[in-house]
Every structure is written in structure tokens, then in C-alpha cells.
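Below is input_30.txt, holding compact mmCIF, C-alpha atoms.
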# COMPACT_ATOMS: atom_id res chain seq x y z
CA MET J 290 37.03 -74.26 -42.52
CA ASP J 291 35.09 -74.77 -45.75
CA GLY J 292 32.14 -75.89 -43.66
CA ASP J 293 32.29 -72.70 -41.60
CA ARG J 294 32.38 -70.56 -44.73
CA ARG J 295 29.38 -72.40 -46.11
CA ARG J 296 27.49 -71.92 -42.84
CA TRP J 297 28.30 -68.20 -42.76
CA ARG J 298 27.14 -67.86 -46.36
CA GLN J 299 23.86 -69.51 -45.42
CA CYS J 300 23.59 -67.27 -42.36
CA LEU J 301 24.04 -64.15 -44.50
CA LEU J 302 21.54 -65.36 -47.09
CA GLY J 303 19.03 -65.98 -44.32
CA GLY J 304 19.69 -62.45 -43.09
CA ALA J 305 19.10 -61.06 -46.58
CA VAL J 306 15.70 -62.80 -46.77
CA PHE J 307 14.90 -61.37 -43.32
CA ALA J 308 15.82 -57.87 -44.53
CA VAL J 309 13.62 -58.10 -47.63
CA CYS J 310 10.57 -59.02 -45.58
CA MET J 311 11.14 -56.23 -43.05
CA ALA J 312 11.72 -53.67 -45.82
CA GLY J 313 8.18 -54.30 -47.01
CA THR J 314 6.79 -53.31 -43.61
CA THR J 315 8.19 -49.74 -43.78
CA LEU J 316 7.84 -49.24 -47.53
CA PRO J 317 4.69 -47.05 -47.24
CA THR J 318 6.27 -44.60 -44.73
CA PRO J 319 7.19 -41.75 -47.13
CA LEU J 320 4.02 -42.39 -49.16
CA TYR J 321 1.46 -41.58 -46.45
CA GLY J 322 1.29 -37.95 -47.57
CA LEU J 323 0.37 -39.05 -51.08
CA TYR J 324 -2.29 -41.39 -49.71
CA GLN J 325 -3.66 -38.51 -47.59
CA GLU J 326 -3.99 -36.38 -50.73
CA LYS J 327 -5.59 -39.26 -52.63
CA PHE J 328 -8.07 -40.43 -49.97
CA GLY J 329 -8.37 -37.33 -47.75
CA PHE J 330 -7.78 -38.74 -44.25
CA SER J 331 -6.43 -37.11 -41.08
CA GLU J 332 -3.16 -37.55 -39.18
CA LEU J 333 -4.97 -39.72 -36.63
CA VAL J 334 -5.92 -42.13 -39.43
CA VAL J 335 -2.24 -42.27 -40.46
CA THR J 336 -1.29 -43.46 -36.99
CA VAL J 337 -4.15 -45.98 -36.93
CA VAL J 338 -3.16 -47.36 -40.35
CA TYR J 339 0.39 -47.67 -39.09
CA ALA J 340 -0.71 -49.31 -35.82
CA VAL J 341 -2.86 -51.92 -37.63
CA TYR J 342 0.47 -53.38 -38.73
CA ALA J 343 1.63 -53.67 -35.10
CA PHE J 344 -1.62 -55.37 -34.08
CA GLY J 345 -1.06 -57.93 -36.84
CA VAL J 346 2.46 -58.58 -35.58
CA ILE J 347 1.35 -58.97 -31.97
CA GLY J 348 -1.55 -61.25 -32.91
CA VAL J 349 0.72 -63.63 -34.83
CA LEU J 350 3.40 -63.61 -32.13
CA LEU J 351 0.86 -64.55 -29.48
CA LEU J 352 -1.04 -67.09 -31.58
CA ALA J 353 1.85 -68.68 -33.50
CA GLY J 354 5.10 -67.16 -32.22
CA ASN J 355 6.31 -70.66 -31.34
CA ALA J 356 5.17 -72.29 -34.58
CA SER J 357 8.64 -72.51 -36.10
CA ASP J 358 9.90 -74.40 -33.03
CA SER J 359 7.47 -77.18 -34.02
CA VAL J 360 6.90 -77.19 -37.79
CA GLY J 361 10.32 -75.83 -38.79
CA ARG J 362 11.74 -72.44 -39.67
CA ARG J 363 11.41 -72.55 -43.48
CA PRO J 364 7.65 -73.28 -43.73
CA VAL J 365 6.89 -70.40 -41.38
CA LEU J 366 9.21 -68.02 -43.25
CA LEU J 367 7.73 -69.00 -46.62
CA ALA J 368 4.29 -68.20 -45.23
CA GLY J 369 5.65 -64.85 -44.08
CA LEU J 370 6.91 -64.08 -47.58
CA ALA J 371 3.48 -64.99 -48.98
CA PHE J 372 1.82 -62.47 -46.62
CA SER J 373 4.41 -59.87 -47.59
CA ALA J 374 3.61 -60.36 -51.27
CA ALA J 375 -0.14 -60.17 -50.55
CA SER J 376 0.43 -56.89 -48.70
CA ALA J 377 2.22 -55.40 -51.71
CA VAL J 378 -0.67 -56.49 -53.95
CA CYS J 379 -3.14 -54.68 -51.66
CA PHE J 380 -1.19 -51.44 -51.98
CA LEU J 381 -0.99 -51.88 -55.74
CA CYS J 382 -4.77 -52.27 -55.89
CA ALA J 383 -5.57 -49.55 -53.34
CA THR J 384 -8.67 -47.57 -54.32
CA GLY J 385 -9.79 -46.75 -50.78
CA MET J 386 -8.91 -46.97 -47.10
CA GLY J 387 -9.92 -50.63 -46.84
CA TRP J 388 -7.03 -51.62 -49.08
CA LEU J 389 -4.56 -49.71 -46.89
CA TYR J 390 -5.83 -51.37 -43.71
CA ALA J 391 -5.67 -54.79 -45.37
CA GLY J 392 -2.18 -54.15 -46.71
CA ARG J 393 -0.88 -53.04 -43.33
CA LEU J 394 -2.53 -55.99 -41.57
CA LEU J 395 -0.99 -58.47 -44.00
CA SER J 396 2.35 -56.75 -43.59
CA GLY J 397 2.01 -57.18 -39.84
CA LEU J 398 1.24 -60.87 -40.26
CA SER J 399 4.39 -61.30 -42.36
CA ALA J 400 6.54 -59.49 -39.80
CA GLY J 401 4.97 -61.46 -36.96
CA LEU J 402 5.89 -64.74 -38.63
CA PHE J 403 9.40 -63.50 -39.42
CA THR J 404 10.58 -61.76 -36.26
CA GLY J 405 11.03 -64.69 -33.89
CA ALA J 406 11.47 -67.42 -36.50
CA ALA J 407 13.95 -65.57 -38.74
CA THR J 408 16.02 -64.37 -35.78
CA ALA J 409 16.32 -67.92 -34.47
CA TYR J 410 16.92 -69.27 -38.00
CA VAL J 411 19.78 -66.89 -38.78
CA MET J 412 21.43 -67.70 -35.45
CA GLU J 413 21.07 -71.45 -36.05
CA LEU J 414 22.50 -71.28 -39.58
CA ALA J 415 25.79 -69.87 -38.25
CA PRO J 416 28.66 -72.24 -37.38
CA LYS J 417 29.40 -73.18 -33.77
CA GLY J 418 31.08 -70.40 -31.84
CA GLY J 419 29.53 -67.71 -34.02
CA ALA J 420 26.55 -66.83 -31.80
CA SER J 421 27.59 -63.21 -31.23
CA ARG J 422 28.19 -62.47 -34.92
CA ALA J 423 25.01 -64.32 -35.88
CA THR J 424 23.00 -62.22 -33.42
CA PHE J 425 24.37 -59.12 -35.12
CA VAL J 426 23.44 -60.50 -38.56
CA ALA J 427 19.89 -61.15 -37.36
CA THR J 428 19.33 -57.80 -35.67
CA ALA J 429 21.13 -55.89 -38.45
CA ALA J 430 18.97 -57.62 -41.06
CA ASN J 431 15.88 -56.66 -39.09
CA MET J 432 16.81 -52.99 -38.62
CA GLY J 433 18.63 -52.66 -41.95
CA GLY J 434 15.57 -53.95 -43.77
CA LEU J 435 13.31 -51.57 -41.85
CA GLY J 436 15.60 -48.71 -42.89
CA PHE J 437 15.90 -49.79 -46.52
CA GLY J 438 12.10 -49.75 -47.01
CA PRO J 439 11.46 -46.00 -46.57
CA LEU J 440 14.70 -45.11 -48.36
CA LEU J 441 13.75 -47.17 -51.42
CA ALA J 442 10.17 -45.90 -51.49
CA GLY J 443 11.21 -42.28 -50.91
CA VAL J 444 13.73 -42.27 -53.74
CA LEU J 445 11.38 -44.02 -56.19
CA ALA J 446 8.44 -41.79 -55.20
CA GLN J 447 10.47 -38.61 -55.66
CA TYR J 448 12.44 -39.41 -58.81
CA ALA J 449 10.53 -42.12 -60.69
CA ALA J 450 7.11 -42.40 -62.26
CA ARG J 451 4.02 -43.81 -60.50
CA PRO J 452 5.18 -43.32 -56.88
CA LEU J 453 2.30 -45.32 -55.38
CA TYR J 454 3.01 -48.36 -57.55
CA LEU J 455 6.69 -48.77 -58.44
CA PRO J 456 7.98 -49.33 -54.85
CA PHE J 457 5.62 -52.26 -54.40
CA VAL J 458 6.46 -53.78 -57.79
CA VAL J 459 10.15 -53.71 -56.84
CA HIS J 460 9.37 -55.29 -53.49
CA LEU J 461 7.35 -58.08 -55.12
CA ALA J 462 10.38 -58.91 -57.26
CA LEU J 463 12.62 -59.01 -54.18
CA VAL J 464 10.14 -61.27 -52.38
CA ALA J 465 10.15 -63.69 -55.31
CA VAL J 466 13.95 -63.89 -55.27
CA SER J 467 13.89 -64.35 -51.48
CA ALA J 468 11.50 -67.29 -51.77
CA VAL J 469 13.89 -69.03 -54.19
CA VAL J 470 16.82 -68.42 -51.82
CA LEU J 471 14.87 -69.68 -48.81
CA VAL J 472 13.87 -72.93 -50.53
CA ARG J 473 17.57 -73.66 -51.14
CA LEU J 474 18.59 -73.06 -47.52
CA PRO J 475 18.62 -75.99 -45.04
CA GLU J 476 16.06 -76.55 -42.30
CA THR J 477 17.51 -76.19 -38.79
CA VAL J 478 14.71 -77.76 -36.71
CA ARG J 479 15.42 -81.47 -36.49
CA ASP J 480 12.38 -82.81 -34.63
CA ARG J 481 9.60 -81.27 -36.69
CA GLN J 482 5.98 -81.69 -35.66
CA PRO J 483 2.77 -81.39 -37.70
CA LEU J 484 0.99 -78.04 -37.85
CA SER J 485 -1.81 -79.42 -35.67
CA THR J 486 0.56 -79.46 -32.68
CA VAL J 487 0.93 -75.66 -32.73
CA ARG J 488 -1.08 -73.98 -30.00
CA PRO J 489 -1.53 -70.31 -29.13
CA GLN J 490 1.16 -69.41 -26.63
CA ARG J 491 0.19 -67.94 -23.32
CA PRO J 492 2.19 -64.94 -22.19
CA GLY J 493 4.83 -66.46 -19.96
CA LEU J 494 8.55 -66.94 -19.61
CA PRO J 495 10.81 -69.77 -18.42
CA PRO J 496 12.04 -69.04 -14.87
CA GLN J 497 15.65 -68.53 -15.96
CA VAL J 498 14.64 -65.73 -18.35
CA ARG J 499 12.47 -63.62 -16.04
CA SER J 500 15.21 -61.71 -14.23
CA VAL J 501 16.78 -60.42 -17.48
CA PHE J 502 13.53 -59.91 -19.39
CA ALA J 503 12.19 -56.83 -17.57
CA PRO J 504 14.93 -54.29 -18.47
CA ALA J 505 15.31 -55.84 -21.92
CA ALA J 506 11.57 -55.47 -22.54
CA ILE J 507 11.39 -51.86 -21.30
CA ALA J 508 14.34 -50.77 -23.44
CA SER J 509 12.86 -52.56 -26.48
CA PHE J 510 9.47 -50.92 -25.88
CA VAL J 511 10.92 -47.40 -25.78
CA GLY J 512 13.24 -47.97 -28.74
CA PHE J 513 10.47 -49.29 -30.96
CA ALA J 514 8.12 -46.53 -29.78
CA LEU J 515 10.68 -43.95 -30.89
CA PHE J 516 10.91 -45.66 -34.28
CA GLY J 517 7.13 -45.84 -34.46
CA VAL J 518 6.83 -42.08 -34.11
CA PHE J 519 9.59 -41.52 -36.67
CA THR J 520 7.98 -43.78 -39.25
CA SER J 521 4.37 -42.67 -38.75
CA VAL J 522 4.33 -38.91 -38.09
CA SER J 523 7.81 -37.57 -38.90
CA PRO J 524 6.99 -37.08 -42.62
CA ALA J 525 4.02 -34.92 -41.59
CA PHE J 526 6.17 -32.93 -39.14
CA LEU J 527 8.83 -32.38 -41.80
CA ALA J 528 6.23 -31.13 -44.29
CA GLU J 529 4.05 -29.02 -41.98
CA SER J 530 6.59 -27.54 -39.55
CA LEU J 531 9.86 -27.59 -41.52
CA ASP J 532 8.51 -27.19 -45.08
CA VAL J 533 10.39 -30.30 -46.24
CA HIS J 534 8.28 -31.86 -49.00
CA ASP J 535 10.97 -33.99 -50.68
CA ARG J 536 9.88 -37.60 -50.13
CA ALA J 537 13.42 -38.88 -50.65
CA VAL J 538 14.59 -36.67 -47.76
CA SER J 539 11.74 -37.91 -45.55
CA GLY J 540 12.60 -41.50 -46.36
CA LEU J 541 16.29 -40.88 -45.75
CA ILE J 542 15.72 -39.37 -42.29
CA VAL J 543 13.58 -42.34 -41.26
CA ALA J 544 16.16 -44.72 -42.74
CA LEU J 545 18.94 -42.96 -40.79
CA ALA J 546 17.32 -44.04 -37.53
CA PHE J 547 17.30 -47.69 -38.57
CA PHE J 548 20.81 -47.58 -40.05
CA ALA J 549 22.08 -45.91 -36.86
CA SER J 550 20.45 -48.77 -34.98
CA THR J 551 22.54 -51.20 -37.02
CA ALA J 552 25.67 -49.23 -36.10
CA GLY J 553 24.65 -49.38 -32.44
CA GLN J 554 24.23 -53.13 -32.70
CA LEU J 555 27.71 -53.44 -34.19
CA ALA J 556 29.11 -51.43 -31.26
CA VAL J 557 27.85 -54.10 -28.84
CA GLY J 558 30.84 -56.21 -29.87
CA VAL J 559 33.09 -53.43 -28.52
CA VAL J 560 31.24 -52.38 -25.36
CA GLY J 561 29.96 -55.84 -24.43
CA VAL J 562 26.44 -57.16 -23.90
CA GLY J 563 26.42 -56.27 -20.20
CA ARG J 564 27.09 -52.59 -20.83
CA SER J 565 25.05 -52.29 -24.02
CA LEU J 566 21.68 -52.15 -22.25
CA PRO J 567 22.50 -49.24 -19.88
CA LEU J 568 24.42 -47.41 -22.61
CA GLY J 569 21.50 -47.98 -24.98
CA CYS J 570 19.11 -46.49 -22.42
CA ALA J 571 21.37 -43.42 -22.19
CA GLY J 572 21.37 -43.12 -25.98
CA LEU J 573 17.59 -43.41 -26.11
CA LEU J 574 17.24 -40.69 -23.48
CA ALA J 575 19.58 -38.41 -25.45
CA GLY J 576 17.67 -39.13 -28.67
CA LEU J 577 14.37 -38.25 -26.97
CA ALA J 578 15.87 -34.99 -25.68
CA LEU J 579 17.07 -34.07 -29.18
CA LEU J 580 13.64 -34.86 -30.62
CA ALA J 581 12.06 -32.61 -27.97
CA GLY J 582 14.41 -29.82 -29.06
CA ALA J 583 13.51 -30.41 -32.71
CA LEU J 584 9.80 -30.12 -31.94
CA TRP J 585 10.25 -27.05 -29.73
CA TRP J 586 12.53 -25.06 -32.04
CA ASP J 587 11.49 -26.55 -35.44
CA LEU J 588 15.06 -27.45 -36.38
CA LEU J 589 15.80 -30.04 -39.07
CA ALA J 590 19.35 -30.56 -37.75
CA LEU J 591 17.96 -31.74 -34.41
CA VAL J 592 15.57 -34.13 -36.17
CA VAL J 593 18.54 -35.71 -37.94
CA ALA J 594 20.60 -35.77 -34.72
CA SER J 595 17.70 -37.39 -32.87
CA ALA J 596 17.39 -40.08 -35.55
CA VAL J 597 21.11 -40.89 -35.35
CA VAL J 598 21.60 -40.71 -31.56
CA GLY J 599 18.29 -42.38 -30.75
CA GLY J 600 18.95 -45.03 -33.40
CA VAL J 601 22.37 -45.88 -31.96
CA GLY J 602 20.83 -46.09 -28.50
CA GLN J 603 18.07 -48.33 -29.77
CA GLY J 604 20.59 -50.58 -31.51
CA LEU J 605 22.75 -50.94 -28.40
CA ALA J 606 19.74 -51.66 -26.22
CA PHE J 607 17.98 -53.96 -28.70
CA ARG J 608 20.94 -56.20 -29.50
CA GLY J 609 21.89 -56.34 -25.85
CA ALA J 610 18.30 -57.25 -24.98
CA LEU J 611 18.07 -59.89 -27.70
CA ALA J 612 21.42 -61.48 -26.88
CA THR J 613 20.70 -61.54 -23.15
CA VAL J 614 17.23 -63.01 -23.52
CA ALA J 615 18.28 -65.55 -26.17
CA ALA J 616 21.26 -66.72 -24.08
CA ALA J 617 19.02 -67.26 -21.06
CA SER J 618 16.35 -69.17 -23.03
CA PRO J 619 16.19 -72.98 -23.33
CA PRO J 620 16.82 -74.06 -26.94
CA ASP J 621 13.33 -75.52 -27.38
CA ARG J 622 11.73 -72.24 -26.19
CA ARG J 623 14.09 -69.77 -27.86
CA ALA J 624 11.85 -68.65 -30.72
CA ALA J 625 8.87 -68.38 -28.37
CA VAL J 626 10.81 -66.24 -25.88
CA ILE J 627 12.21 -64.04 -28.65
CA SER J 628 8.66 -63.66 -29.93
CA MET J 629 7.54 -62.46 -26.49
CA LEU J 630 10.28 -59.81 -26.55
CA PHE J 631 8.96 -58.66 -29.92
CA VAL J 632 5.39 -58.58 -28.55
CA VAL J 633 6.55 -55.97 -26.05
CA ALA J 634 8.55 -54.14 -28.72
CA TYR J 635 5.65 -53.96 -31.17
CA THR J 636 3.30 -52.86 -28.42
CA GLY J 637 5.70 -49.91 -28.22
CA ILE J 638 5.16 -49.25 -31.92
CA SER J 639 1.36 -49.31 -31.68
CA LEU J 640 -0.05 -47.83 -28.48
CA PRO J 641 2.17 -44.72 -28.11
CA VAL J 642 1.77 -43.93 -31.82
CA ILE J 643 -2.03 -44.04 -31.55
CA GLY J 644 -1.74 -41.86 -28.45
CA VAL J 645 0.20 -39.28 -30.45
CA GLY J 646 -2.44 -39.40 -33.18
CA LEU J 647 -5.23 -38.80 -30.65
CA LEU J 648 -3.41 -35.81 -29.15
CA VAL J 649 -2.61 -34.14 -32.48
CA GLY J 650 -6.13 -32.71 -32.77
CA PRO J 651 -6.41 -30.97 -29.37
CA ILE J 652 -2.78 -29.91 -28.79
CA GLY J 653 -1.07 -30.12 -32.19
CA LEU J 654 1.69 -32.33 -33.56
CA GLU J 655 4.47 -30.67 -31.56
CA GLY J 656 2.54 -30.85 -28.28
CA ALA J 657 1.61 -34.49 -28.85
CA GLY J 658 5.24 -35.30 -29.57
CA LEU J 659 6.40 -33.61 -26.36
CA VAL J 660 3.89 -35.59 -24.28
CA PHE J 661 5.11 -38.79 -25.93
CA ILE J 662 8.76 -37.89 -25.21
CA ALA J 663 8.03 -37.21 -21.53
CA CYS J 664 6.32 -40.61 -21.11
CA MET J 665 9.10 -42.50 -22.89
CA ALA J 666 11.77 -40.69 -20.85
CA VAL J 667 10.16 -41.93 -17.63
CA LEU J 668 10.30 -45.53 -18.91
CA VAL J 669 13.94 -45.21 -20.00
CA VAL J 670 14.97 -43.84 -16.61
CA ALA J 671 13.11 -46.71 -14.91
CA ALA J 672 14.94 -49.30 -17.02
CA ALA J 673 18.31 -47.63 -16.39
CA GLY J 674 17.61 -47.56 -12.67
CA TYR J 675 16.81 -51.27 -12.70
CA LEU J 676 20.07 -52.04 -14.51
CA LEU J 677 22.10 -49.93 -12.09
CA ARG J 678 20.60 -51.80 -9.14
CA ARG J 679 20.91 -55.28 -10.65
CA PRO J 680 23.76 -55.24 -13.22
CA ALA J 681 24.81 -58.84 -12.62
CA ARG J 682 21.40 -60.24 -13.61
CA ALA J 683 21.26 -58.02 -16.67
CA ARG J 684 24.53 -59.57 -17.86
CA ALA J 685 23.52 -63.14 -17.09

Written form, C-alpha cells:
Amino acid sequence: MDGDRRRWRQCLLGGAVFAVCMAGTTLPTPLYGLYQEKFGFSELVVTVVYAVYAFGVIGVLLLAGNASDSVGRRPVLLAGLAFSAASAVCFLCATGMGWLYAGRLLSGLSAGLFTGAATAYVMELAPKGGASRATFVATAANMGGLGFGPLLAGVLAQYAARPLYLPFVVHLALVAVSAVVLVRLPETVRDRQPLSTVRPQRPGLPPQVRSVFAPAAIASFVGFALFGVFTSVSPAFLAESLDVHDRAVSGLIVALAFFASTAGQLAVGVVGVGRSLPLGCAGLLAGLALLAGALWWDLLALVVASAVVGGVGQGLAFRGALATVAAASPPDRRAAVISMLFVVAYTGISLPVIGVGLLVGPIGLEGAGLVFIACMAVLVVAAAGYLLRRPARARA
């Protein structure tokens, strides 16, 4: 019993380190308006700056997503914290657009190292029989950290001095504490290999994973695309269309989506993994419909409702996808397979967001958002149809 408590404490500490790293990736969200005033760039540039982060994530996942399976979880996570700290330094030194691109790229590298490795690490730190709860700790740490970043930055930017500096100083302090915690946690990979054995991973999946990966990947793509739009262009929509200029409010609305995702992940324990994917798709579709209403009628209440409903749907779908894919993966390929799921998810953050940015000029922010919603709705319906036709494989 004491051993189980110790393992759960380690699992939670690992989740806290995971959350700190992910918070750094969304920290600039409510600050983009200030950077636009300072450097004078367009809404398209905002989406490109945001997407640079996703490209960094995808690059690391493809080149070194399986690194922690070989060299160990802790060395990879310590490297991720180092990139996170370097990203914060870039934002602290920002005197032009180059610094923002560099900061976002480094942030993407940190998230790319963390996503697969930290998820596997948190699950492995838990005691035997605690896989379901450990999956929730991992996904909640991921989404909770993503939500905490804009909330922290929004509050500090609105109510404290030096809004473009203080959030990153606070994050640097949290990263330093996280590094100390991580060094004291045990390594979970027993047969560690030298770094020279790590090779770029080719896109591919073990045969036993393929049947469950397709609906999981589609749902993850749409859920992360919805979050990508919320975190990149929602502050501009709130300011331009709804006359909401309070950065704390902007950060809170973005954070609501991620916190609702955590609530959706918690609900998986009630509804079950098999039903969480189709229910998550329904929630995502409802969230997209509410967002369409918010854009059409310029209603703040619908923006908030979309964040909550879409976030719950994303949480249901994402935890169901992660649990299903992880359970079907061989232990020695688990981090690599999880990394592939995140490649699809972060593609959802990057490409649709850039598409929205490109459409803002010719058809406006509202029109671009409606086109995005229509495309994502088609994907959600396709995933739901797949799950209705093949429910047994989705629950495998």
C-alpha cells in the first residue's frame, strides 16, 4: 500500500512537470494583440507564428518521437525543459519578429519532446492496475497545462506591470522547479540505449494498432484544430467583433476550452473508453455549431458555450483515442505510436489555422471561421460514421 502511494505521488509529480512544459506553449496566446501593436503585423502573421510551434512539434515527433523508448524518459524530458526555458528567453528578448518565430519554434521542440515521452512516463510511474487513472493524469496534465498558460499570461498582462515580460519570468521559475523535481523521479526505461541508436521514425504503425488508429486520429485532428483556432484567432475576434479588450477575459475563454477538455477526459471513466470516441465526436460537432453561431451573430455567450461544449467533446475523444491507441500498442513501441497520434493532432493545430489566416484577408475573420467550421464538421461526421460501422474495433 505504501508502495502504491509512493508510485501515485511520483505519477502526479510527473504530471505536474508535464503541465508546466505545456503551459509554456500557450503562454503567448493573450499577448498576440500586444505584439501586433509593438511590431505591426497582420492576423495572417499571427496564425503563422502560432503554426511555427506546430511545425516544431511535428518535426521532433517524426525525427525523435521514439527517442525516450531508447535513451530513457528523463533525459528526453530534461531536454524538453531546456527548450522550454530557451523559448521563454526568446520572448523576454523579443525586439522583432525573428525572436517570436524562434520562441515559438523552441516551444514546439519542447512540446514535441514532451508529448509522447511524458505521456508514456506518467503512465509508467503509476502502480500496476492504475492504467486508466494514469491515462487521465497524463491527458489532464497536457490539457490542464495548455489551459493554465493563457490564463496565467492573461491575468498578469491585464493586472500586473510589464505584460510582455512577467509571464515568461514566472514560467522560467516554474521550469527550474520542474527540472529539480524531474531529476528526483525514477527512470522507467530499463534497457536504455545510447543516443546514437535513435533514428528518425518513419510514419507507420504496428498492425494491431491500425484498425483503431483511424477514428482516433481524425477525432484528435479536429479537436486540436478547434483548439488551434481558439488559441490563435479568438483574441482578435473578441476584440474586433465583440469589443472585448480585457486580456484576462481572453485568456480565461481560451483556458475554459482546455479545462473543459480535462472535464471531458474525467467523464471517460463514467461513459467508458468505447463510448467516449463517438460521444466526443458529437460534442465536437456541437461545439463547432455553437462557434458558427457565435461568428454569425457576434454573441459572447456562444463563444463561451462553444469553448465549454467543444472542450468537453475534445476531452472525451482525446482520452478515448489515447487510451485505445496506447492499449493496442506493443510496450516497446508505445511512445512512438503515441507520438504518431500527436503528429496527426498537431497537424490539426497548424494547417487549418494557417488556412483561416489566409482567408481572413479576402472574406474576413467571420467568413474564414465559418469555412473552417464546415470543413471540420465533415471530418467529425466521417469519424462518427466509421465508429458507428465498426464499434467493436474502436473499443479494442

Contacts of region 493-510 of chain J within 9 Å, only C-alpha atoms, excl. fewer than 4 positions in-chain, as an mmCIF file with C-alpha atoms, in the coordinates of the input:
data_model
loop_
_atom_site.group_PDB
_atom_site.id
_atom_site.type_symbol
_atom_site.label_atom_id
_atom_site.label_comp_id
_atom_site.auth_asym_id
_atom_site.auth_seq_id
_atom_site.Cartn_x
_atom_site.Cartn_y
_atom_site.Cartn_z
ATOM 1 C CA ALA J 514 8.120 -46.530 -29.780
ATOM 2 C CA LEU J 515 10.680 -43.950 -30.890
ATOM 3 C CA LEU J 566 21.680 -52.150 -22.250
ATOM 4 C CA GLY J 569 21.500 -47.980 -24.980
ATOM 5 C CA CYS J 570 19.110 -46.490 -22.420
ATOM 6 C CA LEU J 573 17.590 -43.410 -26.110
ATOM 7 C CA GLN J 603 18.070 -48.330 -29.770
ATOM 8 C CA ALA J 606 19.740 -51.660 -26.220
ATOM 9 C CA PHE J 607 17.980 -53.960 -28.700
ATOM 10 C CA GLY J 609 21.890 -56.340 -25.850
ATOM 11 C CA ALA J 610 18.300 -57.250 -24.980
ATOM 12 C CA LEU J 611 18.070 -59.890 -27.700
ATOM 13 C CA THR J 613 20.700 -61.540 -23.150
ATOM 14 C CA VAL J 614 17.230 -63.010 -23.520
ATOM 15 C CA ALA J 615 18.280 -65.550 -26.170
ATOM 16 C CA ALA J 616 21.260 -66.720 -24.080
ATOM 17 C CA ALA J 617 19.020 -67.260 -21.060
ATOM 18 C CA SER J 618 16.350 -69.170 -23.030
ATOM 19 C CA PRO J 619 16.190 -72.980 -23.330
ATOM 20 C CA ARG J 622 11.730 -72.240 -26.190
ATOM 21 C CA ALA J 625 8.870 -68.380 -28.370
ATOM 22 C CA VAL J 626 10.810 -66.240 -25.880
ATOM 23 C CA MET J 629 7.540 -62.460 -26.490
ATOM 24 C CA LEU J 630 10.280 -59.810 -26.550
ATOM 25 C CA PHE J 631 8.960 -58.660 -29.920
ATOM 26 C CA VAL J 633 6.550 -55.970 -26.050
ATOM 27 C CA ALA J 634 8.550 -54.140 -28.720
ATOM 28 C CA TYR J 635 5.650 -53.960 -31.170
ATOM 29 C CA THR J 636 3.300 -52.860 -28.420
ATOM 30 C CA GLY J 637 5.700 -49.910 -28.220
ATOM 31 C CA ILE J 638 5.160 -49.250 -31.920
ATOM 32 C CA MET J 665 9.100 -42.500 -22.890
ATOM 33 C CA LEU J 668 10.300 -45.530 -18.910
ATOM 34 C CA VAL J 669 13.940 -45.210 -20.000
ATOM 35 C CA ALA J 671 13.110 -46.710 -14.910
ATOM 36 C CA ALA J 672 14.940 -49.300 -17.020
ATOM 37 C CA ALA J 673 18.310 -47.630 -16.390
ATOM 38 C CA TYR J 675 16.810 -51.270 -12.700
ATOM 39 C CA LEU J 676 20.070 -52.040 -14.510
ATOM 40 C CA ARG J 682 21.400 -60.240 -13.610
ATOM 41 C CA ALA J 683 21.260 -58.020 -16.670
ATOM 42 C CA ARG J 684 24.530 -59.570 -17.860
ATOM 43 C CA ALA J 685 23.520 -63.140 -17.090
#

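Minimum distance to Pro364 (chain J) across J:Val346, J:Val338, J:Leu471, J:Val464 (counting all atoms listed in the file) occurs at J:Leu471.
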
Two-atom distance - CA of Val511 (chain J), CA of Gly650 (chain J) (Å): 23.6 Å

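Of the listed residues (J:Ser421, J:Gln554, J:Asn355, J:Ser565), J:Gln554 comes nearest to Gly600 (chain J); the distances count only C-alpha atoms.
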
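Nearest residue to Gly322 (chain J), choosing from J:Val341, J:Val334, J:Val645, J:Leu589 and counting only C-alpha atoms: J:Val334.
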
With all atoms listed in the file as the basis for distance, which of J:Cys382, J:Leu588, J:Leu445, J:Val337 is at the shortest distance from Ser530 (chain J)? J:Leu588

Residue contacts of Ser399 (chain J) (7 Å, all atoms listed in the file) excluding same-chain residues fewer than 4 positions away, as a VMD selection string: chain J and resid 369 to 370 372 to 373 395 403

Taking N, CA, C and O atoms as the atom set, what does region 624-635 of chain J look like once completed, written as an mmCIF file, in the frame of the given file?
data_model
loop_
_atom_site.group_PDB
_atom_site.id
_atom_site.type_symbol
_atom_site.label_atom_id
_atom_site.label_comp_id
_atom_site.auth_asym_id
_atom_site.auth_seq_id
_atom_site.Cartn_x
_atom_site.Cartn_y
_atom_site.Cartn_z
ATOM 1 N N ALA J 624 12.656 -69.466 -29.818
ATOM 2 C CA ALA J 624 11.850 -68.650 -30.720
ATOM 3 C C ALA J 624 10.631 -68.078 -30.006
ATOM 4 O O ALA J 624 10.235 -66.932 -30.242
ATOM 5 N N ALA J 625 10.030 -68.867 -29.103
ATOM 6 C CA ALA J 625 8.870 -68.380 -28.370
ATOM 7 C C ALA J 625 9.234 -67.224 -27.452
ATOM 8 O O ALA J 625 8.492 -66.235 -27.351
ATOM 9 N N VAL J 626 10.387 -67.321 -26.775
ATOM 10 C CA VAL J 626 10.810 -66.240 -25.880
ATOM 11 C C VAL J 626 11.174 -64.995 -26.675
ATOM 12 O O VAL J 626 10.821 -63.867 -26.295
ATOM 13 N N ILE J 627 11.884 -65.174 -27.792
ATOM 14 C CA ILE J 627 12.210 -64.040 -28.650
ATOM 15 C C ILE J 627 10.919 -63.385 -29.150
ATOM 16 O O ILE J 627 10.803 -62.161 -29.215
ATOM 17 N N SER J 628 9.927 -64.204 -29.481
ATOM 18 C CA SER J 628 8.660 -63.660 -29.930
ATOM 19 C C SER J 628 8.000 -62.821 -28.840
ATOM 20 O O SER J 628 7.402 -61.770 -29.117
ATOM 21 N N MET J 629 8.104 -63.243 -27.583
ATOM 22 C CA MET J 629 7.540 -62.460 -26.490
ATOM 23 C C MET J 629 8.236 -61.105 -26.359
ATOM 24 O O MET J 629 7.606 -60.086 -26.058
ATOM 25 N N LEU J 630 9.557 -61.081 -26.580
ATOM 26 C CA LEU J 630 10.280 -59.810 -26.550
ATOM 27 C C LEU J 630 9.751 -58.891 -27.651
ATOM 28 O O LEU J 630 9.566 -57.683 -27.440
ATOM 29 N N PHE J 631 9.479 -59.465 -28.815
ATOM 30 C CA PHE J 631 8.960 -58.660 -29.920
ATOM 31 C C PHE J 631 7.511 -58.226 -29.668
ATOM 32 O O PHE J 631 7.081 -57.187 -30.173
ATOM 33 N N VAL J 632 6.740 -59.007 -28.918
ATOM 34 C CA VAL J 632 5.390 -58.580 -28.550
ATOM 35 C C VAL J 632 5.470 -57.262 -27.787
ATOM 36 O O VAL J 632 4.733 -56.307 -28.071
ATOM 37 N N VAL J 633 6.369 -57.199 -26.816
ATOM 38 C CA VAL J 633 6.550 -55.970 -26.050
ATOM 39 C C VAL J 633 7.029 -54.843 -26.961
ATOM 40 O O VAL J 633 6.542 -53.710 -26.893
ATOM 41 N N ALA J 634 7.995 -55.160 -27.827
ATOM 42 C CA ALA J 634 8.550 -54.140 -28.720
ATOM 43 C C ALA J 634 7.474 -53.574 -29.646
ATOM 44 O O ALA J 634 7.369 -52.348 -29.822
ATOM 45 N N TYR J 635 6.660 -54.436 -30.231
ATOM 46 C CA TYR J 635 5.650 -53.960 -31.170
ATOM 47 C C TYR J 635 4.451 -53.323 -30.473
ATOM 48 O O TYR J 635 3.725 -52.545 -31.088
#
